[in-house]
Every structure is written in structure tokens, then in C-alpha cells.
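Structure below is target-v2.cif: mmCIF, C-alpha atoms and all ligand atoms.
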```cif
data_final
#
loop_
_atom_site.label_atom_id
_atom_site.label_comp_id
_atom_site.auth_asym_id
_atom_site.auth_seq_id
_atom_site.Cartn_x
_atom_site.Cartn_y
_atom_site.Cartn_z
CA MET U 1 0.00 0.00 0.00
CA ILE U 2 1.12 3.53 -0.70
CA SER U 3 0.51 6.29 1.85
CA VAL U 4 0.90 9.98 1.27
CA ALA U 5 0.94 12.19 4.37
CA ILE U 6 0.03 15.85 3.99
CA ASP U 7 0.41 17.97 7.11
CA GLY U 8 0.23 21.68 7.70
CA PRO U 9 -1.57 24.49 9.49
CA ALA U 10 -5.28 25.31 9.25
CA GLY U 11 -6.32 26.77 5.92
CA ALA U 12 -3.16 25.90 3.98
CA GLY U 13 -5.35 24.19 1.37
CA LYS U 14 -4.56 20.63 2.46
CA SER U 15 -8.03 19.22 1.88
CA THR U 16 -8.60 20.88 -1.51
CA LEU U 17 -5.19 19.81 -2.80
CA ALA U 18 -5.27 16.34 -1.27
CA LYS U 19 -8.73 15.73 -2.71
CA ALA U 20 -7.66 16.84 -6.19
CA ALA U 21 -4.48 14.74 -6.09
CA ALA U 22 -6.37 11.68 -4.79
CA ALA U 23 -8.94 11.96 -7.60
CA GLU U 24 -6.17 12.27 -10.21
CA LEU U 25 -4.08 9.39 -8.84
CA GLY U 26 -6.92 7.06 -7.76
CA TYR U 27 -6.11 7.15 -4.04
CA ILE U 28 -8.60 7.36 -1.17
CA TYR U 29 -8.53 10.77 0.49
CA ILE U 30 -8.81 10.79 4.29
CA ASP U 31 -9.41 14.08 6.11
CA THR U 32 -8.30 13.38 9.69
CA GLY U 33 -9.30 16.85 10.93
CA ALA U 34 -12.90 15.69 10.48
CA LEU U 35 -12.33 13.04 13.16
CA TYR U 36 -11.18 15.65 15.72
CA ARG U 37 -14.06 17.88 14.68
CA ALA U 38 -16.50 15.01 15.29
CA VAL U 39 -15.12 14.46 18.81
CA ALA U 40 -15.45 18.23 19.46
CA LEU U 41 -19.03 18.18 18.16
CA ALA U 42 -19.84 15.24 20.42
CA CYS U 43 -18.59 17.30 23.39
CA ILE U 44 -20.70 20.30 22.35
CA LYS U 45 -23.82 18.16 21.82
CA ASN U 46 -23.36 16.45 25.19
CA GLU U 47 -22.56 19.76 26.93
CA VAL U 48 -19.16 18.45 28.00
CA SER U 49 -16.71 21.27 28.68
CA ILE U 50 -13.55 20.78 26.58
CA GLY U 51 -11.52 22.29 29.42
CA ASP U 52 -12.59 19.37 31.61
CA GLU U 53 -10.24 16.61 30.41
CA ASP U 54 -11.74 13.93 32.63
CA ALA U 55 -15.24 14.63 31.34
CA VAL U 56 -13.99 14.48 27.72
CA LYS U 57 -12.24 11.17 28.48
CA ALA U 58 -15.42 9.78 30.04
CA LEU U 59 -17.36 10.67 26.90
CA LEU U 60 -15.00 8.85 24.48
CA PRO U 61 -16.52 5.36 24.94
CA GLU U 62 -19.89 6.82 23.94
CA ILE U 63 -18.52 8.15 20.66
CA ASP U 64 -18.76 6.07 17.50
CA ILE U 65 -17.15 7.70 14.48
CA ARG U 66 -17.24 6.23 10.99
CA LEU U 67 -16.06 7.51 7.64
CA VAL U 68 -18.16 6.45 4.68
CA PHE U 69 -17.75 7.34 1.04
CA PHE U 70 -20.65 8.41 -1.22
CA ASN U 71 -19.58 9.01 -4.84
CA GLY U 72 -15.97 9.33 -3.69
CA GLU U 73 -16.86 12.04 -1.13
CA GLN U 74 -15.95 11.44 2.49
CA HIS U 75 -18.90 11.68 4.90
CA ILE U 76 -18.51 11.44 8.62
CA LEU U 77 -21.01 9.67 10.83
CA LEU U 78 -21.15 10.48 14.54
CA ASN U 79 -23.21 7.82 16.31
CA ASP U 80 -24.92 7.10 12.94
CA ALA U 81 -25.83 10.74 12.17
CA ASP U 82 -24.18 12.39 9.14
CA VAL U 83 -22.46 15.46 10.64
CA SER U 84 -20.30 16.31 7.59
CA ASP U 85 -21.70 19.85 7.34
CA GLU U 86 -22.16 20.53 11.03
CA ILE U 87 -18.47 19.89 11.83
CA ARG U 88 -17.42 22.75 9.50
CA LYS U 89 -18.90 25.52 11.69
CA GLU U 90 -16.37 27.99 13.15
CA ASN U 91 -17.21 27.14 16.77
CA VAL U 92 -16.43 23.49 16.04
CA SER U 93 -13.06 24.47 14.45
CA MET U 94 -11.80 26.08 17.64
CA ALA U 95 -13.28 23.31 19.81
CA ALA U 96 -11.53 20.71 17.62
CA SER U 97 -8.20 22.45 18.05
CA ARG U 98 -8.64 22.42 21.84
CA VAL U 99 -9.91 18.83 22.07
CA SER U 100 -7.05 17.62 19.87
CA ALA U 101 -4.55 18.63 22.59
CA ILE U 102 -5.94 15.93 24.91
CA PRO U 103 -3.66 12.85 24.67
CA ASP U 104 -6.55 10.38 25.23
CA VAL U 105 -8.43 11.88 22.30
CA ARG U 106 -5.37 11.44 20.06
CA ALA U 107 -4.93 7.84 21.24
CA PHE U 108 -8.64 7.19 20.65
CA LEU U 109 -8.33 8.26 16.98
CA LEU U 110 -4.89 6.80 16.21
CA GLU U 111 -5.82 3.21 15.29
CA LEU U 112 -8.83 4.36 13.32
CA GLN U 113 -6.56 6.52 11.17
CA ARG U 114 -3.98 3.76 10.72
CA SER U 115 -6.66 1.25 9.73
CA PHE U 116 -7.47 3.26 6.58
CA ALA U 117 -3.87 3.12 5.38
CA LYS U 118 -3.78 -0.68 5.85
CA ARG U 119 -6.70 -1.19 3.45
CA ASP U 120 -6.08 1.30 0.64
CA ASN U 121 -3.62 3.62 -1.04
CA VAL U 122 -4.34 6.83 0.82
CA ILE U 123 -3.63 10.51 0.85
CA MET U 124 -4.21 11.49 4.45
CA ASP U 125 -4.17 15.07 5.66
CA GLY U 126 -3.79 16.39 9.19
CA ARG U 127 -1.19 17.77 11.57
CA ASP U 128 0.78 14.69 12.70
CA ILE U 129 0.32 12.22 9.86
CA GLY U 130 3.97 12.18 8.77
CA THR U 131 5.32 12.34 12.32
CA VAL U 132 3.01 10.05 14.32
CA VAL U 133 0.14 8.40 12.44
CA LEU U 134 2.02 7.13 9.37
CA PRO U 135 5.73 7.65 10.08
CA SER U 136 6.56 5.19 7.27
CA ALA U 137 4.51 7.00 4.62
CA GLN U 138 6.29 6.88 1.26
CA VAL U 139 5.58 10.57 0.64
CA LYS U 140 5.38 13.33 3.24
CA ILE U 141 4.43 16.84 2.32
CA PHE U 142 4.28 19.80 4.70
CA LEU U 143 1.93 22.31 3.16
CA THR U 144 2.00 25.87 4.34
CA ALA U 145 1.05 29.44 3.42
CA SER U 146 1.18 32.78 5.24
CA PRO U 147 -1.59 33.38 7.81
CA GLU U 148 -2.87 36.36 5.76
CA LYS U 149 -3.16 34.27 2.56
CA ARG U 150 -4.92 31.51 4.46
CA ALA U 151 -7.37 33.97 6.02
CA ARG U 152 -8.03 35.58 2.62
CA ARG U 153 -8.79 32.18 1.08
CA ARG U 154 -11.17 31.32 3.93
CA VAL U 155 -13.01 34.62 3.45
CA LEU U 156 -13.48 33.84 -0.26
CA GLN U 157 -14.69 30.31 0.55
CA LEU U 158 -17.30 31.64 2.99
CA GLN U 159 -18.40 34.37 0.60
CA GLU U 160 -18.87 31.79 -2.16
CA LYS U 161 -21.21 29.92 0.18
CA GLY U 162 -23.09 33.18 0.82
CA GLU U 163 -21.91 33.31 4.43
CA GLN U 164 -20.67 36.30 6.45
CA ALA U 165 -16.89 36.64 6.62
CA ASP U 166 -14.91 38.95 8.88
CA PHE U 167 -11.25 38.94 7.74
CA ASP U 168 -9.80 40.17 11.05
CA LYS U 169 -11.69 37.61 13.12
CA ILE U 170 -10.73 34.80 10.72
CA LEU U 171 -7.07 35.84 10.77
CA PHE U 172 -7.14 36.01 14.58
CA ASP U 173 -8.65 32.51 14.77
CA ILE U 174 -6.07 31.12 12.32
CA VAL U 175 -3.17 32.52 14.34
CA GLN U 176 -4.73 31.21 17.55
CA ARG U 177 -5.26 27.72 16.08
CA ASP U 178 -1.69 27.65 14.70
CA TYR U 179 -0.46 28.45 18.18
CA ASN U 180 -2.63 25.75 19.83
CA ASP U 181 -1.76 23.11 17.24
CA SER U 182 1.99 23.84 17.25
CA ASN U 183 2.46 24.16 21.00
CA ARG U 184 0.51 21.23 22.42
CA LYS U 185 2.61 18.57 24.15
CA THR U 186 1.27 15.54 22.27
CA ALA U 187 1.90 15.25 18.54
CA PRO U 188 2.19 18.97 17.80
CA LEU U 189 1.94 20.35 14.29
CA LYS U 190 5.42 20.18 12.77
CA ALA U 191 7.06 19.00 9.60
CA ALA U 192 8.54 15.49 9.71
CA ASP U 193 12.31 15.52 9.20
CA ASP U 194 11.84 13.78 5.85
CA ALA U 195 8.89 15.92 4.67
CA ILE U 196 9.01 18.11 1.59
CA THR U 197 7.75 21.60 2.44
CA LEU U 198 5.52 23.32 -0.10
CA ASP U 199 4.59 26.97 0.52
CA THR U 200 1.51 27.84 -1.55
CA SER U 201 1.36 31.55 -0.60
CA GLU U 202 2.31 32.64 -4.11
CA LEU U 203 0.88 29.68 -6.05
CA THR U 204 -2.52 29.41 -7.73
CA LEU U 205 -4.71 26.41 -6.98
CA GLU U 206 -3.77 24.78 -10.31
CA GLU U 207 -0.05 25.33 -9.70
CA SER U 208 -0.34 23.87 -6.20
CA VAL U 209 -2.19 20.78 -7.47
CA ASP U 210 0.45 20.26 -10.17
CA ARG U 211 3.26 20.58 -7.62
CA ILE U 212 1.64 18.09 -5.22
CA ILE U 213 0.96 15.54 -7.94
CA GLY U 214 4.52 16.00 -9.22
CA ILE U 215 5.98 15.39 -5.75
CA ILE U 216 3.84 12.26 -5.24
CA LYS U 217 4.72 10.81 -8.64
CA GLU U 218 8.44 11.47 -8.22
CA ASN U 219 8.45 9.70 -4.86
CA THR U 220 6.33 6.66 -5.66
CA ILE U 221 7.85 5.38 -8.89
O1 LIG X 1 -7.76 20.19 9.54
P1 LIG X 1 -8.85 20.76 10.40
O2 LIG X 1 -8.80 22.25 10.50
O3 LIG X 1 -10.21 20.26 9.99
O4 LIG X 1 -8.58 20.16 11.87
C1 LIG X 1 -9.31 20.56 13.00
C2 LIG X 1 -8.42 20.50 14.24
O5 LIG X 1 -8.08 19.15 14.51
C3 LIG X 1 -7.10 21.25 14.12
O6 LIG X 1 -7.16 22.54 14.70
C4 LIG X 1 -6.10 20.39 14.85
C5 LIG X 1 -6.73 19.05 14.93
N1 LIG X 1 -6.04 18.01 14.15
C6 LIG X 1 -4.99 17.38 14.74
O7 LIG X 1 -4.62 17.72 15.86
N2 LIG X 1 -4.38 16.34 14.11
C7 LIG X 1 -4.78 15.97 12.88
N3 LIG X 1 -4.17 14.93 12.28
C8 LIG X 1 -5.84 16.65 12.24
C9 LIG X 1 -6.44 17.69 12.90
#
```
Show me this structure written as C-alpha cells.
Amino acid sequence: MISVAIDGPAGAGKSTLAKAAAAELGYIYIDTGALYRAVALACIKNEVSIGDEDAVKALLPEIDIRLVFFNGEQHILLNDADVSDEIRKENVSMAASRVSAIPDVRAFLLELQRSFAKRDNVIMDGRDIGTVVLPSAQVKIFLTASPEKRARRRVLQLQEKGEQADFDKILFDIVQRDYNDSNRKTAPLKAADDAITLDTSELTLEESVDRIIGIIKENTI
């Protein structure tokens, strides 16, 4: 099996690029952030405070998360309910970043993530895929872009969906999430020593997709 690990900060374009590369190369795309988002949503729905680690831990056995694929699109089921849209809300983003710092939550999701790579050729995106989840991945890419570029892209995405977008608030949240994700004790966001770093700040979407596919092809022949 071939595994491609794509890590990087929030809003670097990991999911868009990983999805496009997976479609082109015939790999299964796995968005691991969705798993952390589902745990965060479970906490919100059950009124469990994310600051209360013991309460979050106690909730884990009640959480059943499954990834299913409809027409090649990943959907996430939380205790049998499709929460694919609900987990994208901004309040869930910040909650996911906080819940992902809890070591028991990371341990809870680790085997689930590894099980996907045992079954299929995968492109998996996240924060610790190349360092912790799939340290033997054949290809590791660390995707990044400046916080301002990432915030600008997020604003455009929201506007396309007809939603309100406040650039300053989005930029603030991105910087805050970068800090949380990079400074937690367990499996922080960082490039694996053998990762190839790709900065997309000055690249168009098409150029970024071409670069990613090029890197994967060069490293899997
Ligand atoms: O990629 P995302 O923004 O959907 O991820 C949501 C949060 O989950 C992110 O702030 C950090 C966490 N996460 C993580 O800690 N490890 C991963 N492999 C993926 C996401």
C-alpha cells in the first residue's frame, strides 16, 4: 500500500489539494481533521466542557465515528448521524483544536486513522500524519502558506457559500489555532524531518495541485 501524508496548518489548502491529487491518482482521500471535529461536536452536543479533560475522556466510549464514502466524497457519521456539514462551523473548528490537545483523544483516533492506510492507497491530511500516524509513509508533504493568505482564502470560501466573513476575526482565529496546534505537548503540528515543504502563498490552486501531484509521482515510482 502507498501512503501519502500531507500535514500543515489550518487553511493551507490541504483538503482541496489532497482531494484533487487523490482523484487524479486514484487514491482514497482521508481528512483526519474531520475526526477531531466530530469528537469536538460530540462534546458540544453532550454539553461536556472541553476544558474538563476527565469529562472528555469519560465521553470517548460513547462516541462512534465512521467515515463512509458516497460518490468518492468522504462523509462522517457520529453515532450514525451524518455530521459532515455541522463539523465545518467555526465554533467546532476552535473546539476541535482544543480537544485535539488531549492525549486520550489522540490515542482514541490513532488506530482508526492507521486502519485506513492498511486497506487502501491513501492521501491522508492532518497535523501529525507524517510524524506520528504514518511515520513510514512513502511521501510526506508539509503544506503551508502565510496566515494572511490563508485567512483571505477562507473569506473567499465563505463568501462563495453566501456566508458572512470577517477577515480580522478569521485571521485572529487562524493565528490562535496555529499556536494551539503547534504548541501542544502531544503530537504537535510540525514538519517530519523527511517531509518536503511546499509553501503555496504565491501559487494558484492549479499550480499547487500540479506541484503536489509531481511530488507524489516522483516519490512513488
Ligand atoms: O484540519 P482541520 O482544521 O479540519 O482540523 C481541526 C483541528 O483538529 C485542528 O485545529 C487540529 C486538529 N487536528 C490534529 O490535531 N491532528 C490531525 N491529524 C488533524 C487535525
May I have the residues within 9 Å of ligand LIG 1 (chain X), computed using only C-alpha atoms and all ligand atoms, as an MDAnalysis selection string?
chainID U and resid 7:11 14:15 31:37 40 87:88 92:101 106 113 124:129 132:133 174 177:178 180:181 186:189
d(CA of Phe116 (chain U), CA of Gly26 (chain U)) in Å
14.8 Å
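When only C-alpha atoms are used to measure the gap to Ser3 (chain U), the shortest distance among U:Leu134, U:Ile76, U:Ile141, U:Leu41 belongs to U:Leu134.
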Please provide the set of residues having any atom within 12 Å of region 148-163 of chain U, restricted to only C-alpha atoms, with same-chain residues fewer than 5 positions apart removed, written as a PyMOL selection string.
chain U and resi 8-14+16+88-90+143+168-175+178+199-205
Pull C-alpha atoms from the residues just selected and write them as a CSV table (one decimal), keeping the file's coordinate frame.
```csv
chain,number,residue,atom,x,y,z
U,8,GLY,CA,0.2,21.7,7.7
U,9,PRO,CA,-1.6,24.5,9.5
U,10,ALA,CA,-5.3,25.3,9.2
U,11,GLY,CA,-6.3,26.8,5.9
U,12,ALA,CA,-3.2,25.9,4.0
U,13,GLY,CA,-5.4,24.2,1.4
U,14,LYS,CA,-4.6,20.6,2.5
U,16,THR,CA,-8.6,20.9,-1.5
U,88,ARG,CA,-17.4,22.8,9.5
U,89,LYS,CA,-18.9,25.5,11.7
U,90,GLU,CA,-16.4,28.0,13.2
U,143,LEU,CA,1.9,22.3,3.2
U,168,ASP,CA,-9.8,40.2,11.0
U,169,LYS,CA,-11.7,37.6,13.1
U,170,ILE,CA,-10.7,34.8,10.7
U,171,LEU,CA,-7.1,35.8,10.8
U,172,PHE,CA,-7.1,36.0,14.6
U,173,ASP,CA,-8.6,32.5,14.8
U,174,ILE,CA,-6.1,31.1,12.3
U,175,VAL,CA,-3.2,32.5,14.3
U,178,ASP,CA,-1.7,27.6,14.7
U,199,ASP,CA,4.6,27.0,0.5
U,200,THR,CA,1.5,27.8,-1.6
U,201,SER,CA,1.4,31.6,-0.6
U,202,GLU,CA,2.3,32.6,-4.1
U,203,LEU,CA,0.9,29.7,-6.0
U,204,THR,CA,-2.5,29.4,-7.7
U,205,LEU,CA,-4.7,26.4,-7.0
```
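Considering all atoms listed in the file, the residue among U:Ala165, U:Glu218, U:Ile212, U:Ala42 positioned nearest to Glu24 (chain U) is U:Ile212.
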Env of Gly214 (chain U): 12 Å cut, atoms = all atoms listed in the file, seq-sep filter 2 positions within chain, self excluded. Answer as a PDB file with C-alpha atoms, in the coordinates of the input.
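What landed in result.pdb:
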```pdb
ATOM      1  CA  ALA U  21      -4.480  14.740  -6.090  1.00  0.00           C
ATOM      2  CA  GLU U  24      -6.170  12.270 -10.210  1.00  0.00           C
ATOM      3  CA  LEU U  25      -4.080   9.390  -8.840  1.00  0.00           C
ATOM      4  CA  VAL U 139       5.580  10.570   0.640  1.00  0.00           C
ATOM      5  CA  ILE U 141       4.430  16.840   2.320  1.00  0.00           C
ATOM      6  CA  ILE U 196       9.010  18.110   1.590  1.00  0.00           C
ATOM      7  CA  LEU U 198       5.520  23.320  -0.100  1.00  0.00           C
ATOM      8  CA  GLU U 207      -0.050  25.330  -9.700  1.00  0.00           C
ATOM      9  CA  SER U 208      -0.340  23.870  -6.200  1.00  0.00           C
ATOM     10  CA  VAL U 209      -2.190  20.780  -7.470  1.00  0.00           C
ATOM     11  CA  ASP U 210       0.450  20.260 -10.170  1.00  0.00           C
ATOM     12  CA  ARG U 211       3.260  20.580  -7.620  1.00  0.00           C
ATOM     13  CA  ILE U 212       1.640  18.090  -5.220  1.00  0.00           C
ATOM     14  CA  ILE U 216       3.840  12.260  -5.240  1.00  0.00           C
ATOM     15  CA  LYS U 217       4.720  10.810  -8.640  1.00  0.00           C
ATOM     16  CA  GLU U 218       8.440  11.470  -8.220  1.00  0.00           C
ATOM     17  CA  ASN U 219       8.450   9.700  -4.860  1.00  0.00           C
ATOM     18  CA  THR U 220       6.330   6.660  -5.660  1.00  0.00           C
ATOM     19  CA  ILE U 221       7.850   5.380  -8.890  1.00  0.00           C
TER      20      ILE U 221
END
```
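Remark: for Asp193 (chain U), the closest of the candidate residues U:Ser146, U:Val48, U:Ala20, U:Gly130 is U:Gly130 (distances computed over only C-alpha atoms).
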Shortest interatomic distance to Arg119 (chain U) - which of U:Asn79, U:Ile28, U:Asn183, U:Ala5, counting all atoms listed in the file
U:Ile28
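When CA of Leu78 (chain U) is paired with CA of Gly51 (chain U), their separation reads 21.3 Å.
You can rank U:Ile213, U:Ala145, U:Ala195, U:Ala117 by their closest distance to Ile30 (chain U) using all atoms listed in the file, and at the top of that list sits U:Ala117.
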Please, what distance in Å, to one decimal, runs between CA of Ile123 (chain U) and CA of Ala38 (chain U)?
19.9 Å
